[in-house]
Number of protein chains: 2
Amino acid sequence: MLTQRQKMILSIIVDDYIRSAEPVGSRTISKRGDIGFSPATIRNEMSDLEEMGFLEQPHTSAGRIPSHKGYRYYVDHLIKLEDLSRHELEVLKSFFAEKIQETEQVIQQAATILSNLTNYTSIVLGPEVFSATLKHMQLVPLNDESAVAIIVTNTGHVENKVVTIPEGIPISEIEKVVSILNAKLVGVPLFQLRSKLYNEIGSELSKYVSRYEELIRMIESVFENDDDNRIFLSGTSNMLIQPEFRDVEKVKSILDLFDETHTLMRLFSSMPEGIQVKIGTENSVDAISNCSLITATYSIEGQSLGTIGILGPTRMEYGKVISLLDHLSKDLAVMFARWYK
Amino acid sequence: MLTQRQKMILSIIVDDYIRSAEPVGSRTISKRGDIGFSPATIRNEMSDLEEMGFLEQPHTSAGRIPSHKGYRYYVDHLIKLEDLSRHELEVLKSFFAEKIQETEQVIQQAATILSNLTNYTSIVLGPEVFSATLKHMQLVPLNDESAVAIIVTNTGHVENKVVTIPEGIPISEIEKVVSILNAKLVGVPLFQLRSKLYNEIGSELSKYVSRYEELIRMIESVFENDDDNRIFLSGTSNMLIQPEFRDVEKVKSILDLFDETHTLMRLFSSMPEGIQVKIGTENSVDAISNCSLITATYSIEGQSLGTIGILGPTRMEYGKVISLLDHLSKDLAVMFARWYK
DNA sequence: GTTAGCACTCATTTAATCCGAGTGCTAATC
DNA sequence: GATTAGCACTCGGATTAAATGAGTGCTAAC
């Protein structure tokens with residue numbers, strides 16, 4: 001357990017280092033008006049803090065910087081959440097004042113706003129389409145072999161896929177199937193579609209349509225939604241303005257990661273609900289072991305829809321970013337709730 | 001007009017500099033087996049070439065590097081197009097062997113392949129949807145106020161947009177409009193839709209539907225397609241591996257550009273047909289004044305559909321990249337031609 | 001026209017030195 | 001016992017100086 005004074009010193013070091021990116025020395029701390037201890041005292045405390053693993057020293061004659069453990073303690077116990085600035089509130093307000101109808105646009109914009117306000121990289125995972133329910137489905141034949149299958153959800157989201165029509169099945173038959181499906185499946189959440197398709201619809205179809213298995217397999221392929229384009233990045237180049245990444249070698253692997261949508265998806269969809277702070281190696285992805293990732297989920301009625309997040313150096317403005325994510329995620333939740341009503 | 005020997009020397013300098021990124025000296029050139037002139041002679045020629053503006057010297061005691069004008073002359077007169085390597089052919093072949101049905105996926109993959117094979121950044125503009133013709137349109141009501149409008153083209157492309165339904169117009173009426181539109185507009189190229197809508201359809205509609213102007217305005221908004229998501233990048237971080245961009249300051253503005261989809265769209269859609277090479281400041285965009293951009297359009301029956309391109313340092317492997325783009329653009333053209341048949 | 005020779009230039013590398021921020025320890029002080 | 005003043009010590013970074021060497025331009029000879 002840390003003494004009050006140790007906490008205060010740790011807190012000052014973290015704050016100072018976040019601001020300046022320079023190791024913090026005992027004199028600097030001592031000179032702060034509200035301290036009232038000499039550098040020597042501070043040094044003793046810092047030495048203890050280092051021994052306990054909260055601080056480290058880049059080299060003997062440098063000041064101290066927080067270790068991962070130090071950041072963790074700071075985030076868990078010492079952090080002061082900052083209120084949003086007038087400007088930030090302004091930006092958020094005007095964002096939600098706009099009447100946007102496209103989910104994709106909203107998400108893209110949210111990402112842009114986050115990266116602009118923080119000067120870090122933002123990563124936003126759009127609302128999961130799975131929990132939406134089927135509003136309408138349709139098949140538009142393109143030619144003899146293929147057709148576009150279209151699914152519309154109650155949230156206004158449209159998924160489409162080009163499918164190959166099983167040979168020798170007349171269009172009329174397919175249309176019959178689609179109209180049966182529409183009658184049976186409208187209102188069903190997408191994630192239940194596949195099981196319903198097999199369990200309840202299959203037998204039903206067999207009455208009206210020959211060779212329904214092939215058709216079902218075709219339709220099933222439509223329901224396999226690809227999540228990959230749910231993810232949006234903004235401010236990727238902000239990574240470069242951080243002094244710790246001034247060296248090209250060190251950013252390269254991070255920027256490479258940004259190209260790997262799939263890894264990002266995996267990383268993000270594994271984030272638990274609420275606000276999460278992952279510091280350095282707490283992240284499962286190697287490329288960002290020198291970064292911190294803060295995420296917040298937005299949800300409707302306890303059901304998490306998607307995730308917004310900020311990636312920056314471990315030396316990140318935790319207080320500010322957490323407040324911002326908290327605020328925005330709640331606003332997004334409200335907005336989607338109204339939207340999906 | 002350059003003498004044969006000057007051309008040879010310029011060519012060697014460009015090739016060597018492209019390979020090594022180091023200024024090329026007279027001794028290096030002289031030592032090449034097939035030259036047969038002493039360094040002194042080469043120096044005289046280089047001095048002349050510099051005076052003519054084809055070469056420049058980073059500083060007095062350094063070798064020469066090609067100027068923009070030098071690269072231009074090289075590309076216009078000296079370039080040796082390289083045949084694709086076995087490996088490159090292999091990759092392209094297996095790409096086109098896959099049966100992919102989604103335009104978006106094809107384009108994304110094409111971008112990935114380009115950046116992987118070249119180690120530069122690739123930028124790909126997907127097929128213009130404008131030249132496709134309308135296959136089907138539909139309106140799916142979500143609730144009393146809004147609906148999803150869906151357009152399917154003969155190429156299997158689906159555009160959708162959430163629209164607000166003008167107050168007090170019953171669904172039945174809207175459905176009537178849509179069915180009229182379907183009857184009249186199927187087969188019309190998308191770029192003609194808006195004019196047709198006003199000139200031919202307007203008067204027709206007025207017979208059946210009251211307050212058709214509002215409806216037309218609503219439908220028109222659906223036809224305003226946003227091009228912004230036609231563009232795909234890959235290998236953006238490859239910019240960092242170029243020695244000329246080892247300095248973070250210099251890449252920052254380029255990476256920033258990659259976030260500005262809109263500028264990229266403008267840049268790309270202004271590219272003329274065929275293969276284009278823009279060297280350094282020939283590019284209208286400031287951020288890439290130290291880069292070269294090579295683009296190739298792919299087209300069906302003389303009608304250009306989209307553009308594939310490679311962005312790299314001016315010190316780019318022109319011969320290799322041009323061959324690759326040429327090859328891939330033609331393959332894409334064939335593929336889409338068959339696809340759209 | 002070509003080339004050998006030579007003086008000259010200048011970025012880059014290496015080494016030597018200095019500087020100062022910061023530490024750890026000890027002894028004196030509160 | 002906690003705090004602090006004092007001091008020797010450490011070490012990265014900046015500064016300077018010298019050495020290196022790749023490359024040039026010019027001139028005179030071939």
# chains A, B, ... in the order shown; residues from 1 in each chain; ligands from 1
>>> interface_residues(of="chain B", to="chain D", cutoff="9 Å", atoms="only C-alpha atoms (C1' of nucleotides)", output="number ranges by chain")
B: 25-27, 43, 60-63
>>> write_last_selection(atoms="N, CA and C atoms", output="mmCIF file, in the first residue's frame")
data_model
loop_
_atom_site.group_PDB
_atom_site.id
_atom_site.type_symbol
_atom_site.label_atom_id
_atom_site.label_comp_id
_atom_site.auth_asym_id
_atom_site.auth_seq_id
_atom_site.Cartn_x
_atom_site.Cartn_y
_atom_site.Cartn_z
ATOM 1 N N GLY B 25 28.539 8.406 -58.785
ATOM 2 C CA GLY B 25 29.757 9.109 -59.174
ATOM 3 C C GLY B 25 30.333 8.610 -60.493
ATOM 4 N N SER B 26 31.274 9.364 -61.018
ATOM 5 C CA SER B 26 31.819 9.032 -62.338
ATOM 6 C C SER B 26 32.570 7.703 -62.328
ATOM 7 N N ARG B 27 33.283 7.443 -61.254
ATOM 8 C CA ARG B 27 34.035 6.193 -61.174
ATOM 9 C C ARG B 27 33.113 4.972 -61.268
ATOM 10 N N ARG B 43 32.768 12.405 -66.369
ATOM 11 C CA ARG B 43 32.559 13.657 -65.623
ATOM 12 C C ARG B 43 32.171 14.794 -66.545
ATOM 13 N N THR B 60 28.677 19.783 -53.666
ATOM 14 C CA THR B 60 29.771 19.720 -54.641
ATOM 15 C C THR B 60 30.522 18.405 -54.683
ATOM 16 N N SER B 61 30.778 17.838 -53.538
ATOM 17 C CA SER B 61 31.613 16.646 -53.589
ATOM 18 C C SER B 61 30.801 15.358 -53.588
ATOM 19 N N ALA B 62 29.602 15.418 -54.074
ATOM 20 C CA ALA B 62 28.792 14.207 -54.146
ATOM 21 C C ALA B 62 28.619 13.834 -55.614
ATOM 22 N N GLY B 63 28.139 12.623 -55.851
ATOM 23 C CA GLY B 63 27.838 12.216 -57.219
ATOM 24 C C GLY B 63 26.591 12.945 -57.709
#
>>> residues_around(residues="region 210-215 of chain B", least_positions_apart="4", cutoff="9 Å", atoms="only C-alpha atoms (C1' of nucleotides)", output="number ranges by chain")
B: 165-166, 169, 173-174, 177, 202, 205-206, 219-220
>>> write_last_selection(atoms="C-alpha atoms", output="compact mmCIF listing (two decimals), in the first residue's frame")
# COMPACT_ATOMS: atom_id res chain seq x y z
CA ILE B 165 -40.73 10.15 -46.47
CA PRO B 166 -42.54 13.45 -47.12
CA ILE B 169 -48.01 10.64 -48.24
CA GLU B 173 -48.82 6.00 -53.21
CA ILE B 174 -45.11 5.69 -52.89
CA VAL B 177 -44.41 5.64 -57.88
CA GLY B 202 -42.31 13.94 -64.13
CA LEU B 205 -46.22 10.68 -62.70
CA SER B 206 -48.45 13.67 -62.29
CA ILE B 219 -35.96 9.89 -55.20
CA GLU B 220 -33.45 12.18 -56.77
>>> interface_residues(of="chain C", to="chain B", cutoff="12 Å", atoms="only C-alpha atoms (C1' of nucleotides)", output="PyMOL selection string")
chain C and resi 1-5+8-12
>>> closest_atom_pairs(of="chain A", to="chain B", cutoff="6 Å", atoms="only C-alpha atoms", output="Markdown table")
| residue | atom | partner | partner_atom | distance |
| --- | --- | --- | --- | --- |
| A:Gln101 | CA | B:Val162 | CA | 5.8 |
| A:Val162 | CA | B:Gln101 | CA | 5.8 |
| A:Ser237 | CA | B:Leu255 | CA | 5.7 |
| A:Leu255 | CA | B:Ser237 | CA | 5.7 |
| A:Asp256 | CA | B:Ser237 | CA | 6.0 |
>>> residues_around(residues="Glu317 (chain B)", least_positions_apart="2", cutoff="10 Å", atoms="only C-alpha atoms (C1' of nucleotides)", output="short mmCIF file (atom, residue, chain, number, x, y, z; two decimals) with C-alpha atoms, in the first residue's frame")
data_model
loop_
_atom_site.label_atom_id
_atom_site.label_comp_id
_atom_site.auth_asym_id
_atom_site.auth_seq_id
_atom_site.Cartn_x
_atom_site.Cartn_y
_atom_site.Cartn_z
CA VAL B 14 18.81 6.70 -63.08
CA ASP B 15 18.93 2.92 -62.83
CA ILE B 18 16.76 3.87 -58.21
CA ARG B 19 18.50 0.80 -56.93
CA LEU B 81 9.89 -2.23 -69.51
CA GLU B 82 10.51 -5.33 -67.48
CA THR B 118 5.82 -3.46 -55.42
CA TYR B 120 4.93 0.91 -52.64
CA GLY B 312 6.14 5.91 -54.45
CA PRO B 313 9.19 8.12 -54.25
CA THR B 314 10.34 9.77 -57.50
CA ARG B 315 13.10 7.23 -57.26
CA GLY B 319 9.80 -0.07 -65.62
CA LYS B 320 8.56 -2.70 -63.24
CA VAL B 321 5.59 -0.71 -61.97
CA ILE B 322 4.40 0.30 -65.41
#
>>> select_by_dssp(residues="region 70-197 of chain B", states="alpha helix (DSSP H)", output="ChimeraX atom specification")
/B:70-73,86-97,103-118,171-185,190-196
>>> atom_distance(atom1="CA of Met218 (chain B)", atom2="CA of Asn199 (chain B)")
16.2 Å
>>> select_by_dssp(residues="region 74-264 of chain A", states="strand (DSSP E)", output="ChimeraX atom specification")
/A:121-125,134-141,146-153,158-164,231-234
>>> atom_distance(atom1="CA of Ala296 (chain B)", atom2="CA of Phe336 (chain B)")
15.3 Å
